[in-house]
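This is entry-v4.pdb. It holds PDB, C-alpha atoms, pLDDT in the B column.
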```pdb
ATOM      1  CA  MET M   1     -18.032  19.853   2.805  1.00 70.00           C
ATOM      2  CA  ALA M   2     -15.719  17.346   1.211  1.00 84.00           C
ATOM      3  CA  ILE M   3     -13.622  16.501   4.242  1.00 88.00           C
ATOM      4  CA  VAL M   4     -12.671  13.081   2.909  1.00 90.00           C
ATOM      5  CA  LEU M   5     -11.449  14.448  -0.421  1.00 92.00           C
ATOM      6  CA  ILE M   6      -9.441  17.153   1.382  1.00 93.00           C
ATOM      7  CA  ALA M   7      -7.899  14.509   3.675  1.00 92.00           C
ATOM      8  CA  VAL M   8      -6.931  12.297   0.741  1.00 91.00           C
ATOM      9  CA  GLY M   9      -5.481  15.291  -1.093  1.00 93.00           C
ATOM     10  CA  LEU M  10      -3.487  16.323   1.965  1.00 93.00           C
ATOM     11  CA  ALA M  11      -2.125  12.793   2.380  1.00 92.00           C
ATOM     12  CA  LEU M  12      -1.033  12.698  -1.264  1.00 92.00           C
ATOM     13  CA  LEU M  13       0.499  16.168  -0.990  1.00 94.00           C
ATOM     14  CA  ILE M  14       2.444  15.321   2.183  1.00 92.00           C
ATOM     15  CA  SER M  15       3.664  12.062   0.688  1.00 90.00           C
ATOM     16  CA  ALA M  16       4.706  13.801  -2.533  1.00 90.00           C
ATOM     17  CA  VAL M  17       6.644  16.486  -0.648  1.00 90.00           C
ATOM     18  CA  ARG M  18       8.382  13.832   1.476  1.00 87.00           C
ATOM     19  CA  GLY M  19       9.138  11.742  -1.613  1.00 85.00           C
ATOM     20  CA  THR M  20       7.424   8.669  -0.219  1.00 85.00           C
ATOM     21  CA  LEU M  21       4.939   8.031  -3.015  1.00 86.00           C
ATOM     22  CA  THR M  22       6.744   4.984  -4.361  1.00 83.00           C
ATOM     23  CA  SER M  23       9.020   3.961  -1.513  1.00 80.00           C
ATOM     24  CA  SER M  24       9.353   4.793   2.139  1.00 77.00           C
ATOM     25  CA  PRO M  25      11.604   6.501   3.062  1.00 76.00           C
ATOM     26  CA  ALA M  26      12.354   8.564  -0.029  1.00 72.00           C
ATOM     27  CA  PRO M  27      14.443   6.819  -2.713  1.00 67.00           C
ATOM     28  CA  TRP M  28      17.242   9.362  -2.309  1.00 69.00           C
ATOM     29  CA  SER M  29      17.465   8.996   1.455  1.00 71.00           C
ATOM     30  CA  PRO M  30      20.622   7.404   2.877  1.00 70.00           C
ATOM     31  CA  GLN M  31      18.637   4.550   4.393  1.00 69.00           C
ATOM     32  CA  GLY M  32      17.648   3.308   0.959  1.00 64.00           C
ATOM     33  CA  TRP M  33      14.591   1.235   0.254  1.00 65.00           C
ATOM     34  CA  GLN M  34      12.846  -0.043   3.365  1.00 73.00           C
ATOM     35  CA  GLY M  35       9.159  -0.269   2.540  1.00 78.00           C
ATOM     36  CA  PRO M  36       6.509   0.459  -0.027  1.00 84.00           C
ATOM     37  CA  GLY M  37       5.322   3.998  -0.673  1.00 86.00           C
ATOM     38  CA  LEU M  38       1.834   5.426  -0.385  1.00 89.00           C
ATOM     39  CA  LEU M  39       0.776   4.704  -3.963  1.00 90.00           C
ATOM     40  CA  THR M  40       2.170   1.189  -3.732  1.00 88.00           C
ATOM     41  CA  LEU M  41       0.102   0.605  -0.624  1.00 88.00           C
ATOM     42  CA  PHE M  42      -2.996   2.012  -2.344  1.00 88.00           C
ATOM     43  CA  TYR M  43      -2.345  -0.296  -5.276  1.00 88.00           C
ATOM     44  CA  ASP M  44      -2.096  -3.310  -2.977  1.00 85.00           C
ATOM     45  CA  ALA M  45      -5.372  -2.354  -1.309  1.00 86.00           C
ATOM     46  CA  PHE M  46      -7.353  -2.278  -4.539  1.00 86.00           C
ATOM     47  CA  VAL M  47      -5.636  -4.920  -6.680  1.00 85.00           C
ATOM     48  CA  GLY M  48      -5.026  -8.567  -5.996  1.00 79.00           C
ATOM     49  CA  PRO M  49      -6.756 -11.239  -3.958  1.00 79.00           C
ATOM     50  CA  GLY M  50      -8.717 -10.110  -0.943  1.00 77.00           C
ATOM     51  CA  ASN M  51      -8.919  -6.474  -2.035  1.00 83.00           C
ATOM     52  CA  MET M  52     -11.503  -4.045  -0.730  1.00 85.00           C
ATOM     53  CA  PHE M  53     -13.132  -3.181  -4.057  1.00 87.00           C
ATOM     54  CA  VAL M  54     -16.163  -5.336  -3.299  1.00 88.00           C
ATOM     55  CA  TRP M  55     -16.712  -3.462  -0.029  1.00 88.00           C
ATOM     56  CA  ILE M  56     -16.505  -0.107  -1.799  1.00 91.00           C
ATOM     57  CA  LEU M  57     -18.949  -1.389  -4.406  1.00 92.00           C
ATOM     58  CA  ALA M  58     -21.373  -2.454  -1.674  1.00 92.00           C
ATOM     59  CA  LEU M  59     -21.085   0.865   0.143  1.00 94.00           C
ATOM     60  CA  GLY M  60     -21.574   2.788  -3.100  1.00 94.00           C
ATOM     61  CA  LEU M  61     -24.638   0.788  -4.082  1.00 95.00           C
ATOM     62  CA  VAL M  62     -26.300   1.052  -0.694  1.00 95.00           C
ATOM     63  CA  GLY M  63     -25.319   4.696  -0.356  1.00 94.00           C
ATOM     64  CA  SER M  64     -26.726   5.558  -3.764  1.00 95.00           C
ATOM     65  CA  VAL M  65     -30.175   4.505  -2.526  1.00 94.00           C
ATOM     66  CA  GLY M  66     -29.987   7.429  -0.136  1.00 93.00           C
ATOM     67  CA  TYR M  67     -30.141   9.941  -2.983  1.00 94.00           C
ATOM     68  CA  VAL M  68     -33.888   9.287  -2.865  1.00 93.00           C
ATOM     69  CA  ARG M  69     -34.770  11.547   0.023  1.00 92.00           C
ATOM     70  CA  GLN M  70     -37.470   9.279   1.470  1.00 93.00           C
ATOM     71  CA  LEU M  71     -35.084   6.303   1.517  1.00 94.00           C
ATOM     72  CA  ARG M  72     -32.143   8.065   3.110  1.00 94.00           C
ATOM     73  CA  PRO M  73     -32.681   6.707   6.656  1.00 94.00           C
ATOM     74  CA  VAL M  74     -32.825   3.192   5.251  1.00 95.00           C
ATOM     75  CA  SER M  75     -29.633   3.780   3.303  1.00 94.00           C
ATOM     76  CA  ASP M  76     -27.837   5.183   6.335  1.00 94.00           C
ATOM     77  CA  ALA M  77     -28.916   2.242   8.463  1.00 95.00           C
ATOM     78  CA  PHE M  78     -27.590  -0.261   5.952  1.00 95.00           C
ATOM     79  CA  LEU M  79     -24.341   1.691   5.577  1.00 94.00           C
ATOM     80  CA  VAL M  80     -23.812   1.445   9.317  1.00 94.00           C
ATOM     81  CA  LEU M  81     -24.717  -2.237   9.169  1.00 94.00           C
ATOM     82  CA  ILE M  82     -22.098  -2.881   6.481  1.00 93.00           C
ATOM     83  CA  ILE M  83     -19.424  -1.055   8.487  1.00 92.00           C
ATOM     84  CA  VAL M  84     -20.297  -2.963  11.656  1.00 92.00           C
ATOM     85  CA  VAL M  85     -20.228  -6.284   9.812  1.00 91.00           C
ATOM     86  CA  LEU M  86     -16.861  -5.374   8.306  1.00 88.00           C
ATOM     87  CA  ILE M  87     -15.407  -4.494  11.702  1.00 89.00           C
ATOM     88  CA  ILE M  88     -16.757  -7.598  13.421  1.00 89.00           C
ATOM     89  CA  SER M  89     -16.100 -10.150  10.715  1.00 86.00           C
ATOM     90  CA  ALA M  90     -12.702  -8.961   9.531  1.00 80.00           C
ATOM     91  CA  ARG M  91      -9.805 -11.027  10.778  1.00 79.00           C
ATOM     92  CA  SER M  92      -6.160 -10.473  10.054  1.00 75.00           C
ATOM     93  CA  ALA M  93      -3.878 -13.134   8.669  1.00 74.00           C
ATOM     94  CA  ALA M  94      -2.827 -13.980  12.224  1.00 75.00           C
ATOM     95  CA  GLY M  95      -6.483 -14.456  13.175  1.00 78.00           C
ATOM     96  CA  ILE M  96      -6.767 -11.457  15.482  1.00 82.00           C
ATOM     97  CA  ASN M  97      -9.750  -9.137  15.337  1.00 84.00           C
ATOM     98  CA  PHE M  98      -9.890  -5.479  14.360  1.00 85.00           C
ATOM     99  CA  PHE M  99      -9.510  -3.952  17.807  1.00 86.00           C
ATOM    100  CA  SER M 100      -6.512  -6.089  18.765  1.00 85.00           C
ATOM    101  CA  ALA M 101      -4.842  -5.313  15.464  1.00 85.00           C
ATOM    102  CA  LEU M 102      -5.531  -1.603  15.902  1.00 86.00           C
ATOM    103  CA  THR M 103      -4.064  -1.622  19.406  1.00 86.00           C
ATOM    104  CA  GLN M 104      -0.948  -3.443  18.277  1.00 83.00           C
ATOM    105  CA  GLN M 105      -0.299  -1.115  15.361  1.00 83.00           C
ATOM    106  CA  VAL M 106      -1.070   2.157  17.110  1.00 81.00           C
ATOM    107  CA  LEU M 107       1.312   1.274  19.932  1.00 79.00           C
ATOM    108  CA  LYS M 108       4.035   0.401  17.451  1.00 71.00           C
ATOM    109  CA  THR M 109       6.800   2.964  17.538  1.00 50.00           C
ATOM    110  CA  GLN M 110       8.486   4.427  14.521  1.00 48.00           C
ATOM    111  CA  GLN M 111      11.768   2.762  15.439  1.00 48.00           C
ATOM    112  CA  ASP M 112      10.505  -0.742  14.873  1.00 54.00           C
ATOM    113  CA  GLN M 113       8.581   0.187  11.748  1.00 50.00           C
ATOM    114  CA  PRO M 114      11.065  -1.380   9.299  1.00 51.00           C
ATOM    115  CA  ALA M 115      10.621  -4.692  11.063  1.00 47.00           C
ATOM    116  CA  ALA M 116       6.900  -4.442  10.388  1.00 46.00           C
ATOM    117  CA  THR M 117       7.458  -4.330   6.650  1.00 49.00           C
ATOM    118  CA  GLY M 118       8.628  -7.931   6.678  1.00 48.00           C
ATOM    119  CA  GLY M 119      11.868  -9.771   6.725  1.00 46.00           C
ATOM    120  CA  ALA M 120      12.565  -9.055   3.085  1.00 46.00           C
ATOM    121  CA  SER M 121      13.198  -5.394   3.858  1.00 47.00           C
ATOM    122  CA  ALA M 122      16.385  -6.217   5.711  1.00 49.00           C
ATOM    123  CA  ALA M 123      18.141  -7.281   2.540  1.00 55.00           C
ATOM    124  CA  THR M 124      18.773  -4.860  -0.295  1.00 57.00           C
ATOM    125  CA  PRO M 125      16.303  -5.676  -3.063  1.00 62.00           C
ATOM    126  CA  ALA M 126      17.835  -6.578  -6.362  1.00 68.00           C
ATOM    127  CA  ALA M 127      16.419  -6.633  -9.843  1.00 69.00           C
ATOM    128  CA  PRO M 128      17.608  -9.058 -12.514  1.00 67.00           C
ATOM    129  CA  PHE M 129      18.757  -7.544 -15.761  1.00 65.00           C
ATOM    130  CA  GLN M 130      20.321  -8.601 -19.025  1.00 64.00           C
ATOM    131  CA  PHE M 131      22.444  -6.323 -21.134  1.00 63.00           C
ATOM    132  CA  GLY M 132      23.897  -7.800 -24.266  1.00 62.00           C
ATOM    133  CA  ASN M 133      25.222 -11.175 -23.363  1.00 61.00           C
ATOM    134  CA  TYR M 134      25.662 -10.289 -19.731  1.00 63.00           C
ATOM    135  CA  SER M 135      23.130 -10.855 -16.989  1.00 66.00           C
ATOM    136  CA  GLY M 136      23.145 -10.242 -13.310  1.00 67.00           C
ATOM    137  CA  THR M 137      21.369  -8.497 -10.527  1.00 65.00           C
ATOM    138  CA  MET M 138      21.277  -4.775  -9.934  1.00 63.00           C
ATOM    139  CA  PRO M 139      20.640  -3.405  -6.431  1.00 60.00           C
ATOM    140  CA  ILE M 140      17.660  -1.072  -6.218  1.00 61.00           C
ATOM    141  CA  ASN M 141      18.317   2.167  -4.358  1.00 58.00           C
ATOM    142  CA  SER M 142      21.276   0.598  -2.661  1.00 53.00           C
ATOM    143  CA  PRO M 143      22.953   3.022  -0.260  1.00 53.00           C
ATOM    144  CA  SER M 144      26.330   1.845  -1.402  1.00 54.00           C
ATOM    145  CA  LEU M 145      27.657   1.140  -4.839  1.00 51.00           C
ATOM    146  CA  ALA M 146      28.468  -2.448  -4.028  1.00 52.00           C
ATOM    147  CA  PRO M 147      30.097  -4.607  -6.689  1.00 53.00           C
ATOM    148  CA  ILE M 148      27.531  -5.780  -9.191  1.00 53.00           C
ATOM    149  CA  PRO M 149      27.942  -9.439 -10.126  1.00 56.00           C
ATOM    150  CA  PHE M 150      28.186 -10.113 -13.849  1.00 54.00           C
ATOM    151  CA  THR M 151      27.942 -13.496 -15.434  1.00 58.00           C
ATOM    152  CA  PRO M 152      28.283 -14.073 -19.155  1.00 56.00           C
ATOM    153  CA  VAL M 153      25.375 -16.041 -20.577  1.00 56.00           C
ATOM    154  CA  GLY M 154      26.608 -16.678 -24.096  1.00 55.00           C
ATOM    155  CA  PRO M 155      29.531 -16.414 -26.434  1.00 56.00           C
ATOM    156  CA  GLY M 156      31.389 -13.131 -26.630  1.00 53.00           C
ATOM    157  CA  LEU M 157      30.714 -10.186 -28.930  1.00 52.00           C
ATOM    158  CA  GLY M 158      27.077  -9.960 -28.091  1.00 54.00           C
ATOM    159  CA  GLY M 159      26.188 -13.417 -29.245  1.00 53.00           C
ATOM    160  CA  VAL M 160      27.690 -12.934 -32.725  1.00 54.00           C
ATOM    161  CA  SER M 161      29.572 -16.026 -33.690  1.00 57.00           C
ATOM    162  CA  LEU M 162      32.622 -15.571 -35.834  1.00 57.00           C
ATOM    163  CA  PRO M 163      33.489 -18.016 -38.566  1.00 61.00           C
ATOM    164  CA  ALA M 164      36.390 -20.251 -37.777  1.00 63.00           C
ATOM    165  CA  LEU M 165      39.552 -19.322 -39.624  1.00 61.00           C
TER     166      LEU M 165
ATOM    167  CA  MET T   1     -23.772  16.551   5.152  1.00 77.00           C
ATOM    168  CA  SER T   2     -24.843  15.465   1.718  1.00 88.00           C
ATOM    169  CA  GLN T   3     -25.315  11.878   0.662  1.00 90.00           C
ATOM    170  CA  THR T   4     -22.052  12.021  -1.290  1.00 91.00           C
ATOM    171  CA  ASP T   5     -20.189  12.926   1.890  1.00 92.00           C
ATOM    172  CA  THR T   6     -21.924  10.095   3.727  1.00 92.00           C
ATOM    173  CA  ILE T   7     -20.786   7.580   1.114  1.00 93.00           C
ATOM    174  CA  LEU T   8     -17.232   8.944   1.125  1.00 93.00           C
ATOM    175  CA  VAL T   9     -17.010   8.803   4.916  1.00 93.00           C
ATOM    176  CA  ALA T  10     -18.302   5.224   4.868  1.00 93.00           C
ATOM    177  CA  ILE T  11     -15.687   4.277   2.265  1.00 93.00           C
ATOM    178  CA  LEU T  12     -12.959   5.985   4.326  1.00 92.00           C
ATOM    179  CA  VAL T  13     -13.976   4.082   7.460  1.00 92.00           C
ATOM    180  CA  ALA T  14     -14.037   0.805   5.531  1.00 92.00           C
ATOM    181  CA  PHE T  15     -10.627   1.612   4.092  1.00 92.00           C
ATOM    182  CA  ILE T  16      -9.173   2.272   7.547  1.00 91.00           C
ATOM    183  CA  VAL T  17     -10.618  -1.009   8.849  1.00 90.00           C
ATOM    184  CA  PHE T  18      -9.176  -2.809   5.853  1.00 90.00           C
ATOM    185  CA  VAL T  19      -5.737  -1.271   6.338  1.00 89.00           C
ATOM    186  CA  VAL T  20      -5.686  -2.165  10.031  1.00 89.00           C
ATOM    187  CA  ILE T  21      -6.718  -5.739   9.322  1.00 88.00           C
ATOM    188  CA  LYS T  22      -3.966  -6.100   6.729  1.00 86.00           C
ATOM    189  CA  GLY T  23      -1.449  -4.782   9.261  1.00 85.00           C
ATOM    190  CA  GLN T  24      -0.335  -1.919   7.043  1.00 86.00           C
ATOM    191  CA  LEU T  25      -1.244   0.987   9.312  1.00 87.00           C
ATOM    192  CA  PRO T  26       2.388   1.621  10.437  1.00 85.00           C
ATOM    193  CA  GLN T  27       3.497   1.694   6.817  1.00 86.00           C
ATOM    194  CA  TYR T  28       0.796   4.205   5.874  1.00 88.00           C
ATOM    195  CA  LEU T  29       1.701   6.372   8.839  1.00 87.00           C
ATOM    196  CA  GLY T  30       5.373   6.027   7.970  1.00 84.00           C
ATOM    197  CA  THR T  31       4.849   7.414   4.489  1.00 86.00           C
ATOM    198  CA  LEU T  32       3.139  10.431   6.038  1.00 87.00           C
ATOM    199  CA  GLY T  33       5.967  11.074   8.483  1.00 83.00           C
ATOM    200  CA  PHE T  34       4.460   9.718  11.688  1.00 79.00           C
TER     201      PHE T  34
END
```
Write-out of the structure in structure tokens:
Amino acid sequence: MAIVLIAVGLALLISAVRGTLTSSPAPWSPQGWQGPGLLTLFYDAFVGPGNMFVWILALGLVGSVGYVRQLRPVSDAFLVLIIVVLIISARSAAGINFFSALTQQVLKTQQDQPAATGGASAATPAAPFQFGNYSGTMPINSPSLAPIPFTPVGPGLGGVSLPAL
Amino acid sequence: MSQTDTILVAILVAFIVFVVIKGQLPQYLGTLGF
């Protein structure tokens, strides 16, 4: 009865159908880029400082003890202990505990969700690029085709210098 | 419930706690249409 695997598969399927795997809402939506997608969020959870890989490792190690039938109650008890310690000890960046953070986020409506993604979401993200001897910034998933600033970075003709006549 | 399911449920609970602590629960729900 792999409920967890079915739930994860359903979440990935729903996100794929909605087009929110890499950005939320979908990249082709008129709102443009507002927040990270599901896979981006997964990536942030498992990579980088303060990730949860060590907790998964601890749960896997303690849980694997339970495959010995006589030791299963001990394994279950320590699994519960790890979860309780995680809930009690975890503090958000603002210093609030798990239950306060859960209350705040569950009561958050969908209308103010873009504000929760941070102040950077208000501005259209831009990626630097260089093409030939031109460089500039290119808007990512911008809803409008705004003028793209170009600035030459070198001599003309792609950096090829012509001999003086 | 097999031991594999127990471990997976424990990891799922830890993941939810982790997401809530990081303040990313609205973003996760947003990607799923909530």
Interface residues on chain T facing chain M, 6 Å, only C-alpha atoms, written as a PyMOL selection string: chain T and resi 7+20-22+31-32
Straight-line distance linking atom CA of Leu81 of chain M with atom CA of Asp5 of chain T, stated in Å to one decimal: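 According to the coordinates, atom CA of Leu81 of chain M and atom CA of Asp5 of chain T are separated by 17.4 Å.
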Length of the atom CA of Ser2 of chain T to atom CA of Leu29 of chain T vector [Å]: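 Computing the Euclidean distance for atom CA of Ser2 of chain T and atom CA of Leu29 of chain T yields 28.9 Å.
From atom CA of Ala10 of chain T back to atom CA of Ala77 of chain M, the distance works out to 11.6 Å.
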